>>> print(open('run_10.txt').read())   # compact mmCIF, C-alpha atoms (C1' of nucleotides)
# COMPACT_ATOMS: atom_id res chain seq x y z
CA MET A 15 0.00 0.00 0.00
CA ALA A 16 1.41 3.27 -0.97
CA GLY A 17 0.25 6.24 -2.92
CA LYS A 18 -3.34 6.82 -1.86
CA LYS A 19 -6.01 7.48 -4.46
CA GLN A 20 -6.57 11.18 -4.47
CA PHE A 21 -10.20 11.12 -5.41
CA ASP A 22 -13.50 9.65 -4.36
CA VAL A 23 -14.60 6.88 -6.71
CA ASP A 24 -18.31 7.60 -6.28
CA THR A 25 -17.89 11.29 -7.01
CA VAL A 26 -15.89 10.51 -10.13
CA LEU A 27 -18.40 7.94 -11.35
CA ASP A 28 -21.21 10.42 -10.84
CA ALA A 29 -19.39 13.02 -12.89
CA ALA A 30 -18.65 10.54 -15.67
CA MET A 31 -22.25 9.32 -15.62
CA VAL A 32 -23.59 12.85 -16.00
CA GLN A 33 -21.20 13.49 -18.88
CA PHE A 34 -22.28 10.34 -20.76
CA TRP A 35 -25.89 11.08 -19.93
CA ARG A 36 -25.74 14.59 -21.32
CA ALA A 37 -23.65 14.04 -24.42
CA GLY A 38 -24.02 10.32 -25.14
CA TYR A 39 -21.31 7.74 -25.71
CA ALA A 40 -20.06 8.85 -29.10
CA ASP A 41 -19.96 12.54 -28.23
CA THR A 42 -18.02 12.03 -25.03
CA SER A 43 -14.27 11.89 -25.53
CA LEU A 44 -11.74 10.84 -22.94
CA ASP A 45 -10.76 14.48 -22.70
CA ASP A 46 -14.36 15.32 -21.85
CA LEU A 47 -14.34 12.64 -19.18
CA SER A 48 -11.01 13.86 -17.89
CA ARG A 49 -12.35 17.40 -17.66
CA ALA A 50 -15.65 16.32 -16.10
CA THR A 51 -14.04 14.13 -13.46
CA GLY A 52 -10.89 16.12 -12.81
CA LEU A 53 -8.85 12.97 -13.39
CA ASN A 54 -6.39 12.59 -16.21
CA ARG A 55 -6.41 9.75 -18.71
CA SER A 56 -3.94 7.55 -16.84
CA SER A 57 -5.95 7.60 -13.64
CA LEU A 58 -9.14 6.99 -15.58
CA TYR A 59 -7.65 3.96 -17.31
CA SER A 60 -5.94 2.48 -14.28
CA SER A 61 -9.06 2.85 -12.16
CA PHE A 62 -11.88 2.06 -14.57
CA GLY A 63 -10.40 0.42 -17.65
CA ASP A 64 -11.27 1.61 -21.12
CA LYS A 65 -14.10 3.84 -22.29
CA ASP A 66 -16.54 0.98 -22.73
CA SER A 67 -15.92 -0.40 -19.26
CA LEU A 68 -16.44 3.01 -17.74
CA TYR A 69 -19.61 3.52 -19.75
CA LEU A 70 -20.95 0.17 -18.63
CA ARG A 71 -20.21 1.06 -15.03
CA CYS A 72 -21.98 4.40 -15.37
CA LEU A 73 -24.96 2.72 -16.99
CA ASP A 74 -25.17 0.17 -14.18
CA ARG A 75 -24.87 2.92 -11.64
CA TYR A 76 -27.72 4.81 -13.29
CA VAL A 77 -29.92 1.71 -13.54
CA THR A 78 -29.29 0.79 -9.92
CA ARG A 79 -29.75 4.25 -8.50
CA TYR A 80 -33.01 5.05 -10.23
CA GLY A 81 -34.13 1.43 -10.08
CA GLU A 82 -34.11 1.73 -6.31
CA ARG A 83 -36.14 4.91 -6.45
CA TYR A 84 -38.66 3.36 -8.82
CA ASP A 85 -38.92 0.32 -6.54
CA GLU A 86 -39.50 2.54 -3.57
CA ALA A 87 -42.16 4.53 -5.40
CA LEU A 88 -43.94 1.31 -6.33
CA SER A 89 -43.67 -0.24 -2.88
CA SER A 90 -47.14 0.94 -1.93
CA ALA A 91 -48.72 -0.59 -5.03
CA SER A 92 -50.62 -3.31 -3.18
CA GLU A 93 -52.42 -0.71 -1.06
CA ASP A 94 -52.90 2.10 -3.56
CA PRO A 95 -51.67 1.18 -7.04
CA LEU A 96 -52.72 4.45 -8.65
CA ARG A 97 -50.83 6.47 -6.11
CA ALA A 98 -47.85 4.15 -6.52
CA MET A 99 -47.88 4.71 -10.25
CA ARG A 100 -48.08 8.47 -9.81
CA GLU A 101 -45.06 8.26 -7.53
CA PHE A 102 -43.29 6.17 -10.13
CA PHE A 103 -43.67 8.96 -12.65
CA ALA A 104 -42.77 11.52 -9.99
CA VAL A 105 -39.31 9.93 -9.79
CA THR A 106 -38.78 10.72 -13.46
CA LEU A 107 -40.32 14.18 -13.25
CA LYS A 108 -38.14 15.08 -10.29
CA ARG A 109 -35.03 13.88 -12.10
CA ILE A 110 -35.90 15.96 -15.14
CA ALA A 111 -36.64 19.00 -13.01
CA ASP A 112 -33.27 18.78 -11.24
CA PRO A 113 -31.09 21.53 -12.74
CA ASP A 114 -27.94 19.64 -11.73
CA LEU A 115 -28.84 16.69 -13.93
CA PRO A 116 -29.22 16.49 -17.70
CA ASP A 117 -32.61 16.10 -19.28
CA GLY A 118 -33.43 12.80 -20.86
CA CYS A 119 -32.44 9.40 -19.55
CA LEU A 120 -29.21 7.46 -19.86
CA VAL A 121 -31.08 4.27 -20.70
CA ALA A 122 -33.04 5.97 -23.49
CA GLN A 123 -29.83 7.57 -24.70
CA THR A 124 -28.18 4.16 -24.80
CA ALA A 125 -31.16 2.47 -26.42
CA MET A 126 -31.15 5.00 -29.27
CA ALA A 127 -27.49 4.23 -29.92
CA ILE A 128 -27.91 0.45 -29.86
CA PRO A 129 -27.02 -0.11 -33.55
CA VAL A 130 -23.56 1.35 -33.02
CA LEU A 131 -22.81 0.10 -29.52
CA ARG A 132 -20.88 -2.96 -28.46
CA PRO A 133 -23.32 -5.86 -28.15
CA ASP A 134 -22.82 -6.23 -24.41
CA VAL A 135 -23.54 -2.56 -23.79
CA ALA A 136 -26.59 -2.72 -26.04
CA ALA A 137 -27.79 -5.79 -24.17
CA ARG A 138 -27.50 -3.97 -20.88
CA ALA A 139 -29.80 -1.22 -22.09
CA SER A 140 -32.40 -3.71 -23.27
CA GLU A 141 -32.13 -5.53 -19.96
CA ALA A 142 -32.74 -2.30 -18.11
CA LEU A 143 -35.95 -1.72 -20.04
CA GLY A 144 -36.97 -5.32 -19.41
CA LEU A 145 -36.33 -4.85 -15.71
CA GLN A 146 -38.44 -1.71 -15.69
CA ARG A 147 -41.29 -3.56 -17.34
CA ALA A 148 -41.02 -6.41 -14.83
CA ARG A 149 -41.01 -3.95 -11.98
CA LEU A 150 -44.17 -2.32 -13.24
CA ARG A 151 -45.92 -5.60 -13.94
CA THR A 152 -45.21 -6.87 -10.44
CA ALA A 153 -46.51 -3.67 -8.91
CA LEU A 154 -49.67 -3.68 -11.01
CA SER A 155 -50.33 -7.31 -10.20
CA ALA A 156 -49.84 -6.57 -6.52
CA GLY A 157 -52.34 -3.76 -6.99
CA LYS A 158 -54.89 -6.34 -8.10
CA LEU A 159 -54.93 -5.64 -11.77
CA ALA A 160 -55.72 -8.67 -13.93
CA ASP A 161 -52.54 -10.32 -15.20
CA SER A 162 -53.14 -9.50 -18.84
CA ASP A 163 -53.88 -5.87 -18.00
CA ALA A 164 -50.82 -5.75 -15.78
CA ASP A 165 -48.67 -6.96 -18.68
CA ASP A 166 -50.15 -4.43 -21.07
CA PHE A 167 -49.94 -1.46 -18.75
CA ALA A 168 -46.42 -2.38 -17.72
CA VAL A 169 -45.32 -2.09 -21.34
CA HIS A 170 -47.31 1.09 -21.88
CA ILE A 171 -46.09 2.84 -18.76
CA ALA A 172 -42.46 1.87 -19.37
CA ALA A 173 -42.79 3.34 -22.85
CA VAL A 174 -44.48 6.54 -21.72
CA ASN A 175 -41.77 6.94 -19.11
CA GLN A 176 -39.17 6.75 -21.90
CA SER A 177 -41.13 9.22 -23.97
CA LEU A 178 -40.58 11.77 -21.22
CA ALA A 179 -36.86 11.48 -21.90
CA VAL A 180 -37.29 12.37 -25.56
CA MET A 181 -39.75 15.17 -24.92
CA SER A 182 -37.68 16.72 -22.14
CA ARG A 183 -34.65 16.78 -24.40
CA ALA A 184 -36.70 18.66 -26.96
CA GLY A 185 -37.59 21.25 -24.36
CA ALA A 186 -41.03 20.14 -23.24
CA SER A 187 -42.28 21.89 -20.13
CA GLN A 188 -42.94 20.15 -16.85
CA GLN A 189 -46.61 20.92 -17.52
CA GLN A 190 -46.56 19.09 -20.84
CA LEU A 191 -44.81 16.10 -19.30
CA ARG A 192 -47.53 15.96 -16.65
CA THR A 193 -50.19 15.98 -19.33
CA ILE A 194 -48.56 13.03 -21.07
CA ILE A 195 -48.57 11.11 -17.80
CA ASP A 196 -52.10 12.12 -16.75
CA ILE A 197 -53.67 10.60 -19.84
CA SER A 198 -51.95 7.29 -19.23
CA MET A 199 -53.03 7.50 -15.61
CA SER A 200 -56.62 8.04 -16.65
CA ALA A 201 -56.45 4.89 -18.78
CA LEU A 202 -55.01 2.98 -15.85
CA SER A 203 -57.68 4.35 -13.55
CA GLN A 204 -60.33 3.15 -15.98
CA ALA A 205 -58.82 -0.30 -16.02
CA PHE A 206 -58.98 -0.46 -12.25
CA HIS A 207 -62.60 0.68 -12.14
CA ALA A 208 -63.59 -1.70 -14.92
CA ARG A 209 -62.31 -4.73 -12.99
CA SER A 210 -64.74 -6.44 -10.69
CA MET B 587 -23.63 22.83 -69.38
CA ALA B 588 -20.96 20.21 -69.00
CA GLY B 589 -20.11 17.23 -66.87
CA LYS B 590 -23.43 15.73 -65.90
CA LYS B 591 -24.03 14.57 -62.33
CA GLN B 592 -23.65 10.82 -62.37
CA PHE B 593 -26.09 10.10 -59.61
CA ASP B 594 -29.67 10.71 -58.61
CA VAL B 595 -29.91 13.31 -55.86
CA ASP B 596 -33.00 11.76 -54.28
CA THR B 597 -31.45 8.30 -54.14
CA VAL B 598 -28.31 9.70 -52.55
CA LEU B 599 -30.27 11.71 -49.99
CA ASP B 600 -32.29 8.66 -49.07
CA ALA B 601 -29.13 6.65 -48.50
CA ALA B 602 -27.59 9.41 -46.39
CA MET B 603 -30.83 9.81 -44.44
CA VAL B 604 -30.94 6.12 -43.63
CA GLN B 605 -27.32 6.19 -42.53
CA PHE B 606 -27.86 9.15 -40.16
CA TRP B 607 -31.10 7.58 -38.97
CA ARG B 608 -29.47 4.29 -38.12
CA ALA B 609 -26.21 5.50 -36.60
CA GLY B 610 -26.95 9.07 -35.53
CA TYR B 611 -25.01 12.21 -36.35
CA ALA B 612 -21.93 11.62 -34.22
CA ASP B 613 -21.51 8.00 -35.24
CA THR B 614 -21.75 8.72 -38.94
CA SER B 615 -18.44 9.68 -40.52
CA LEU B 616 -17.97 11.10 -43.98
CA ASP B 617 -16.52 7.74 -44.96
CA ASP B 618 -19.73 6.10 -43.81
CA LEU B 619 -21.73 8.56 -45.89
CA SER B 620 -19.45 8.01 -48.84
CA ARG B 621 -19.89 4.26 -48.54
CA ALA B 622 -23.65 4.48 -48.03
CA THR B 623 -24.24 6.81 -50.96
CA GLY B 624 -21.59 5.51 -53.32
CA LEU B 625 -20.30 9.07 -53.74
CA ASN B 626 -16.89 10.15 -52.66
CA ARG B 627 -16.17 13.03 -50.35
CA SER B 628 -15.64 15.62 -53.09
CA SER B 629 -18.97 14.95 -54.70
CA LEU B 630 -20.67 14.95 -51.33
CA TYR B 631 -19.19 18.34 -50.49
CA SER B 632 -19.75 19.96 -53.83
CA SER B 633 -23.36 18.79 -53.97
CA PHE B 634 -24.52 19.10 -50.37
CA GLY B 635 -22.02 21.20 -48.47
CA ASP B 636 -20.59 20.08 -45.17
CA LYS B 637 -21.79 17.35 -42.84
CA ASP B 638 -24.17 19.64 -40.95
CA SER B 639 -25.83 20.90 -44.12
CA LEU B 640 -26.32 17.36 -45.35
CA TYR B 641 -27.72 16.30 -42.00
CA LEU B 642 -30.16 19.18 -42.00
CA ARG B 643 -31.28 18.26 -45.47
CA CYS B 644 -31.81 14.65 -44.47
CA LEU B 645 -33.74 15.72 -41.41
CA ASP B 646 -35.97 17.99 -43.50
CA ARG B 647 -36.49 15.20 -45.97
CA TYR B 648 -37.52 12.86 -43.18
CA VAL B 649 -39.85 15.40 -41.60
CA THR B 650 -41.49 16.21 -44.91
CA ARG B 651 -41.87 12.64 -46.09
CA TYR B 652 -43.43 11.26 -42.95
CA GLY B 653 -45.22 14.52 -42.24
CA GLU B 654 -47.16 13.99 -45.44
CA ARG B 655 -48.04 10.44 -44.44
CA TYR B 656 -49.16 11.55 -41.00
CA ASP B 657 -51.26 14.29 -42.57
CA GLU B 658 -52.84 11.83 -44.91
CA ALA B 659 -53.59 9.43 -42.08
CA LEU B 660 -55.24 12.22 -40.12
CA SER B 661 -57.22 13.56 -43.06
CA SER B 662 -60.30 11.58 -42.08
CA ALA B 663 -60.28 12.94 -38.55
CA SER B 664 -63.41 15.02 -38.90
CA GLU B 665 -65.43 11.96 -39.90
CA ASP B 666 -63.87 9.30 -37.72
CA PRO B 667 -61.21 10.68 -35.37
CA LEU B 668 -60.48 7.36 -33.67
CA ARG B 669 -59.84 5.67 -36.96
CA ALA B 670 -57.70 8.62 -38.06
CA MET B 671 -55.61 8.29 -34.94
CA ARG B 672 -55.17 4.57 -35.44
CA GLU B 673 -53.99 5.29 -38.97
CA PHE B 674 -51.61 7.88 -37.59
CA PHE B 675 -49.95 5.25 -35.45
CA ALA B 676 -50.08 2.80 -38.34
CA VAL B 677 -47.71 5.09 -40.26
CA THR B 678 -45.15 4.67 -37.50
CA LEU B 679 -45.74 0.95 -37.08
CA LYS B 680 -45.36 0.37 -40.79
CA ARG B 681 -42.13 2.33 -40.88
CA ILE B 682 -40.74 0.32 -37.97
CA ALA B 683 -41.81 -2.95 -39.57
CA ASP B 684 -40.07 -2.10 -42.85
CA PRO B 685 -36.90 -4.20 -42.95
CA ASP B 686 -35.27 -1.72 -45.35
CA LEU B 687 -35.48 1.09 -42.82
CA PRO B 688 -33.80 1.44 -39.43
CA ASP B 689 -35.81 1.16 -36.25
CA GLY B 690 -36.39 4.30 -34.28
CA CYS B 691 -37.00 7.75 -35.68
CA LEU B 692 -34.62 10.37 -37.04
CA VAL B 693 -36.41 13.12 -35.11
CA ALA B 694 -36.14 11.21 -31.83
CA GLN B 695 -32.52 10.44 -32.63
CA THR B 696 -31.87 14.12 -33.21
CA ALA B 697 -33.79 15.22 -30.14
CA MET B 698 -31.72 12.95 -27.90
CA ALA B 699 -28.55 14.55 -29.26
CA ILE B 700 -29.74 18.14 -28.84
CA PRO B 701 -27.18 19.13 -26.19
CA VAL B 702 -24.30 18.41 -28.57
CA LEU B 703 -25.86 19.57 -31.84
CA ARG B 704 -25.52 22.90 -33.57
CA PRO B 705 -28.32 25.16 -32.33
CA ASP B 706 -30.00 25.39 -35.74
CA VAL B 707 -30.12 21.62 -36.10
CA ALA B 708 -31.44 21.25 -32.56
CA ALA B 709 -34.10 23.85 -33.30
CA ARG B 710 -35.23 21.93 -36.36
CA ALA B 711 -35.85 18.82 -34.28
CA SER B 712 -37.87 20.76 -31.72
CA GLU B 713 -39.83 22.38 -34.53
CA ALA B 714 -40.60 18.97 -35.98
CA LEU B 715 -42.05 17.83 -32.68
CA GLY B 716 -44.04 21.06 -32.41
CA LEU B 717 -45.38 20.49 -35.90
CA GLN B 718 -46.41 16.98 -35.00
CA ARG B 719 -48.26 18.27 -31.96
CA ALA B 720 -50.02 20.92 -34.03
CA ARG B 721 -51.00 18.35 -36.61
CA LEU B 722 -52.54 16.15 -33.95
CA ARG B 723 -54.32 19.00 -32.21
CA THR B 724 -55.89 20.17 -35.44
CA ALA B 725 -57.07 16.65 -36.24
CA LEU B 726 -58.52 16.11 -32.78
CA SER B 727 -60.31 19.43 -32.87
CA ALA B 728 -61.71 18.58 -36.29
CA GLY B 729 -62.87 15.33 -34.73
CA LYS B 730 -64.94 17.36 -32.28
CA LEU B 731 -62.83 16.91 -29.20
CA ALA B 732 -63.01 19.80 -26.75
CA ASP B 733 -60.10 22.20 -27.28
CA SER B 734 -58.44 21.52 -23.93
CA ASP B 735 -58.69 17.77 -24.50
CA ALA B 736 -57.35 18.18 -28.01
CA ASP B 737 -54.32 20.03 -26.65
CA ASP B 738 -53.68 17.39 -24.02
CA PHE B 739 -54.10 14.40 -26.28
CA ALA B 740 -51.98 16.01 -28.98
CA VAL B 741 -49.08 16.19 -26.53
CA HIS B 742 -49.72 12.71 -25.22
CA ILE B 743 -50.00 11.07 -28.62
CA ALA B 744 -46.94 12.84 -29.97
CA ALA B 745 -45.01 11.58 -26.96
CA VAL B 746 -46.28 8.02 -27.23
CA ASN B 747 -45.38 8.05 -30.90
CA GLN B 748 -41.82 9.00 -29.94
CA SER B 749 -41.75 6.29 -27.30
CA LEU B 750 -42.21 3.75 -30.08
CA ALA B 751 -38.89 4.90 -31.48
CA VAL B 752 -37.09 4.18 -28.22
CA MET B 753 -38.83 0.87 -27.62
CA SER B 754 -38.28 -0.37 -31.16
CA ARG B 755 -34.58 0.39 -30.88
CA ALA B 756 -34.47 -1.72 -27.76
CA GLY B 757 -36.02 -4.60 -29.65
CA ALA B 758 -39.67 -4.36 -28.68
CA SER B 759 -41.98 -6.53 -30.78
CA GLN B 760 -44.74 -5.18 -33.04
CA GLN B 761 -47.14 -6.73 -30.53
CA GLN B 762 -45.69 -4.71 -27.67
CA LEU B 763 -45.76 -1.52 -29.71
CA ARG B 764 -49.41 -2.15 -30.49
CA THR B 765 -50.14 -2.59 -26.80
CA ILE B 766 -48.52 0.74 -26.02
CA ILE B 767 -50.72 2.40 -28.64
CA ASP B 768 -53.92 0.57 -27.70
CA ILE B 769 -53.87 1.90 -24.16
CA SER B 770 -53.54 5.48 -25.37
CA MET B 771 -56.32 4.80 -27.86
CA SER B 772 -58.56 3.54 -25.07
CA ALA B 773 -57.97 6.77 -23.17
CA LEU B 774 -58.80 8.76 -26.29
CA SER B 775 -61.90 6.68 -26.89
CA GLN B 776 -63.03 7.40 -23.33
CA ALA B 777 -62.53 11.12 -23.88
CA PHE B 778 -64.73 10.98 -26.96
CA HIS B 779 -67.47 9.07 -25.22
CA ALA B 780 -67.35 11.32 -22.17
CA ARG B 781 -68.02 14.40 -24.31
CA SER B 782 -71.65 15.20 -24.87
C1' DA C 1409 -14.28 18.06 -83.66
C1' DC C 1410 -12.97 21.24 -80.42
C1' DC C 1411 -12.84 23.39 -76.03
C1' DA C 1412 -14.68 25.51 -71.90
C1' DT C 1413 -16.65 23.75 -67.86
C1' DC C 1414 -18.25 20.61 -64.65
C1' DT C 1415 -17.69 16.18 -61.95
C1' DT C 1416 -14.91 12.77 -59.92
C1' DG C 1417 -11.38 10.02 -57.36
C1' DG C 1418 -7.77 10.12 -54.49
C1' DA C 1419 -4.09 12.34 -52.18
C1' DC C 1420 -3.53 15.30 -48.62
C1' DC C 1421 -4.03 18.43 -44.25
C1' DG C 1422 -4.31 19.62 -39.35
C1' DA C 1423 -7.07 18.33 -35.50
C1' DT C 1424 -8.83 14.98 -32.56
C1' DT C 1425 -9.65 10.27 -31.27
C1' DA C 1426 -8.76 6.10 -27.94
C1' DG C 1427 -5.25 4.11 -25.74
C1' DT C 1428 -0.11 3.41 -23.91
C1' DC C 1429 3.91 4.43 -21.45
C1' DC C 1430 7.07 6.15 -18.18
C1' DA C 1431 9.50 9.30 -15.19
C1' DA C 1432 8.50 11.92 -11.12
C1' DG C 1433 6.13 12.41 -6.91
C1' DA C 1434 3.49 10.86 -2.99
C1' DT C 1435 2.69 7.48 0.57
C1' DA C 1436 2.93 4.08 4.24
C1' DG C 1437 5.42 0.07 6.46
C1' DG C 1438 9.51 -1.01 8.77
C1' DC D 1464 14.46 7.93 7.61
C1' DC D 1465 14.48 4.71 3.90
C1' DT D 1466 12.55 2.19 0.39
C1' DA D 1467 9.13 -0.49 -2.10
C1' DT D 1468 4.93 0.49 -4.31
C1' DC D 1469 1.24 2.99 -5.91
C1' DT D 1470 -0.69 7.24 -8.32
C1' DT D 1471 -0.23 10.98 -11.37
C1' DG D 1472 0.68 14.21 -15.27
C1' DG D 1473 2.11 14.67 -19.63
C1' DA D 1474 4.31 13.05 -23.71
C1' DC D 1475 3.50 9.91 -27.20
C1' DT D 1476 1.39 6.75 -31.02
C1' DA D 1477 -1.44 5.08 -34.66
C1' DA D 1478 -5.86 5.63 -36.46
C1' DT D 1479 -9.62 8.33 -37.75
C1' DC D 1480 -12.00 12.62 -38.01
C1' DG D 1481 -13.98 16.63 -41.11
C1' DG D 1482 -12.60 19.21 -44.74
C1' DT D 1483 -9.65 20.87 -48.93
C1' DC D 1484 -7.42 20.59 -53.23
C1' DC D 1485 -6.27 19.40 -57.83
C1' DA D 1486 -5.25 16.63 -61.88
C1' DA D 1487 -7.77 13.67 -64.94
C1' DG D 1488 -11.78 12.55 -67.28
C1' DA D 1489 -16.41 13.25 -68.96
C1' DT D 1490 -19.80 16.26 -71.10
C1' DG D 1491 -22.43 19.38 -74.05
C1' DG D 1492 -22.56 23.83 -76.82
C1' DT D 1493 -20.78 25.54 -80.92
>>> encode(input="run_10.txt", output="structure tokens")
Amino acid sequence: MAGKKQFDVDTVLDAAMVQFWRAGYADTSLDDLSRATGLNRSSLYSSFGDKDSLYLRCLDRYVTRYGERYDEALSSASEDPLRAMREFFAVTLKRIADPDLPDGCLVAQTAMAIPVLRPDVAARASEALGLQRARLRTALSAGKLADSDADDFAVHIAAVNQSLAVMSRAGASQQQLRTIIDISMSALSQAFHARS
Amino acid sequence: MAGKKQFDVDTVLDAAMVQFWRAGYADTSLDDLSRATGLNRSSLYSSFGDKDSLYLRCLDRYVTRYGERYDEALSSASEDPLRAMREFFAVTLKRIADPDLPDGCLVAQTAMAIPVLRPDVAARASEALGLQRARLRTALSAGKLADSDADDFAVHIAAVNQSLAVMSRAGASQQQLRTIIDISMSALSQAFHARS
DNA sequence: ACCATCTTGGACCGATTAGTCCAAGATAGG
DNA sequence: CCTATCTTGGACTAATCGGTCCAAGATGGT
């Protein structure tokens, strides 16, 4: 042991994640990462491997961090599924409203780049969307929605959630994003009332 | 007057458009464009200007081409707005199902890259989404939906349409895309029945 | 048939890319 | 305090980037 790391790994990963999130994989150079993290190329390589490895780590970090928040939002689904779903969307809205974070979504960003990404990175993005769908389906089932409806709404809500990423990038207002969500919520509400 | 162009401009623009659409702006090099179009760099430059100009032209081409199809789909809105809206989505579904075209959507692709694009290119993508919203609002109003509902559904449907781009990139099936649409259609159907 | 003019292919440029390497400095154990 | 070991900054490489240039060839008006 000698020569102590002169930076905090979590802080650096957050900075790299934000950089990738804002500019995407292709438009983020190692110089950009170096500038964003305050580390130079050598330290970046010795600590995190090459650009792909670092990207994968940032993507996992993103998926885990917001995955936890989505899980938490959905935790009350068995008692009040509509409220749980509103809280699910609130996680995304809050993230978009945060001025310290980029608009959009790192998973959506990655998904759009799938044709030019390394297969393993592309797979990770697809997995993340699959996980999101599974999360939603479980919550909707717990909220007593019929299985087939739960499947359908899980897909729909995951998609609408991704649409917020695109629309926010294009400058949609928080009000508009809420409108997008409200209409899906009204459909979900109908489905709950229709069941009996 | 002399030296005739040895290629068809429309064919070349289509090839360039597909290339940008599939790989995005940053991941498309001039060599890629040269390969995709069969033209070499000199001809590309002399005919279409630099990379940004060509991109803008491809984006306009995309917006115009599919804009016309969306308009046509919505043309029956005053008689049967629900059918018109289904046909609107059918334009997107058909495009995604076409094996000769990339998944996703060039406008969504562009929107996701807005933070790193030249301001005028970014503006064009936002305009395209605004145009889409306006198109939908007009159709819904013509279909006798209350103005406030027409505004809301226009935003929602434009967003859901973009979500199909993200989901198709991540490998969603036609069946899943249809499910996403159907739930929005059920909400729209409700709104029409609720009016009186 | 000639020639002015346009298109074309390929060589070329400086800048930037991802990734490597190593000498110099910092650190902690003994 | 000494030294073995780790981190760090910057120089470096080969490849690729967007963009330019020009000689050679093709074309159409006269």
>>> residues_around(input="run_10.txt", residues="stretch 1421-1426 of chain C", least_positions_apart="5", cutoff="8 Å", atoms="only C-alpha atoms (C1' of nucleotides)", output="ChimeraX atom specification")
/A:43-44 /D:1478-1480,1483
>>> atom_distance(input="run_10.txt", atom1="atom CA of A:Gln204", atom2="atom CA of B:Ala725")
24.6 Å
>>> closest_residue(input="run_10.txt", among="A:Asp24, A:Leu88, A:Trp35, A:Leu58", to="chain C", atoms="only C-alpha atoms (C1' of nucleotides)")
A:Leu58
>>> closest_atom_pairs(input="run_10.txt", of="chain C", to="chain B", cutoff="12 Å", atoms="only C-alpha atoms (C1' of nucleotides)", output="Markdown table")
| residue | atom | partner | partner_atom | distance |
| --- | --- | --- | --- | --- |
| C:DC1411 | C1' | B:Ala588 | CA | 11.2 |
| C:DA1412 | C1' | B:Ala588 | CA | 8.7 |
| C:DT1413 | C1' | B:Ala588 | CA | 5.7 |
| C:DC1414 | C1' | B:Gly589 | CA | 4.5 |
| C:DT1415 | C1' | B:Gly589 | CA | 5.6 |
| C:DT1416 | C1' | B:Ser629 | CA | 7.0 |
| C:DG1417 | C1' | B:Asn626 | CA | 7.2 |
| C:DG1418 | C1' | B:Asn626 | CA | 9.3 |
>>> atom_distance(input="run_10.txt", atom1="atom CA of B:Ala773", atom2="atom CA of B:Asp735")
11.1 Å
>>> atom_distance(input="run_10.txt", atom1="atom CA of B:Ala777", atom2="atom CA of A:Pro95")
22.4 Å
>>> closest_residue(input="run_10.txt", among="D:DC1464, D:DC1469, D:DC1484, D:DA1474", to="chain B", atoms="all atoms listed in the file")
D:DC1484
>>> residues_near_point(input="run_10.txt", point="(-17.2, 9.1, -37.5)", cutoff="12 Å", atoms="all atoms listed in the file", output="ChimeraX atom specification")
/A:40-41,130 /B:605-606,609-620,637 /C:1424-1425 /D:1478-1481
>>> interface_residues(input="run_10.txt", of="chain B", to="chain A", cutoff="8 Å", atoms="all atoms listed in the file", output="tab-separated table (two decimals) with C-alpha atoms, in the coordinates of the input")
chain	number	residue	atom	x	y	z
B	608	ARG	CA	-29.47	4.29	-38.12
B	609	ALA	CA	-26.21	5.50	-36.60
B	610	GLY	CA	-26.95	9.07	-35.53
B	612	ALA	CA	-21.93	11.62	-34.22
B	613	ASP	CA	-21.51	8.00	-35.24
B	690	GLY	CA	-36.39	4.30	-34.28
B	694	ALA	CA	-36.14	11.21	-31.83
B	695	GLN	CA	-32.52	10.44	-32.63
B	697	ALA	CA	-33.79	15.22	-30.14
B	698	MET	CA	-31.72	12.95	-27.90
B	699	ALA	CA	-28.55	14.55	-29.26
B	700	ILE	CA	-29.74	18.14	-28.84
B	701	PRO	CA	-27.18	19.13	-26.19
B	702	VAL	CA	-24.30	18.41	-28.57
B	711	ALA	CA	-35.85	18.82	-34.28
B	712	SER	CA	-37.87	20.76	-31.72
B	715	LEU	CA	-42.05	17.83	-32.68
B	738	ASP	CA	-53.68	17.39	-24.02
B	739	PHE	CA	-54.10	14.40	-26.28
B	741	VAL	CA	-49.08	16.19	-26.53
B	742	HIS	CA	-49.72	12.71	-25.22
B	743	ILE	CA	-50.00	11.07	-28.62
B	745	ALA	CA	-45.01	11.58	-26.96
B	746	VAL	CA	-46.28	8.02	-27.23
B	748	GLN	CA	-41.82	9.00	-29.94
B	749	SER	CA	-41.75	6.29	-27.30
B	750	LEU	CA	-42.21	3.75	-30.08
B	752	VAL	CA	-37.09	4.18	-28.22
B	753	MET	CA	-38.83	0.87	-27.62
B	755	ARG	CA	-34.58	0.39	-30.88
B	756	ALA	CA	-34.47	-1.72	-27.76
B	757	GLY	CA	-36.02	-4.60	-29.65
B	762	GLN	CA	-45.69	-4.71	-27.67
B	765	THR	CA	-50.14	-2.59	-26.80
B	766	ILE	CA	-48.52	0.74	-26.02
B	767	ILE	CA	-50.72	2.40	-28.64
B	769	ILE	CA	-53.87	1.90	-24.16
B	770	SER	CA	-53.54	5.48	-25.37
B	772	SER	CA	-58.56	3.54	-25.07
B	773	ALA	CA	-57.97	6.77	-23.17
>>> closest_residue(input="run_10.txt", among="D:DC1465, D:DG1492, D:DT1470, D:DC1485", to="chain A", atoms="all atoms listed in the file")
D:DT1470
>>> closest_atom_pairs(input="run_10.txt", of="chain D", to="chain B", cutoff="6 Å", atoms="all atoms listed in the file", output="JSON lines")
{"residue": "D:DA1489", "atom": "C1'", "partner": "B:Gly589", "partner_atom": "CA", "distance": 5.8}
{"residue": "D:DT1490", "atom": "C1'", "partner": "B:Gly589", "partner_atom": "CA", "distance": 4.4}
{"residue": "D:DG1491", "atom": "C1'", "partner": "B:Ala588", "partner_atom": "CA", "distance": 5.3}
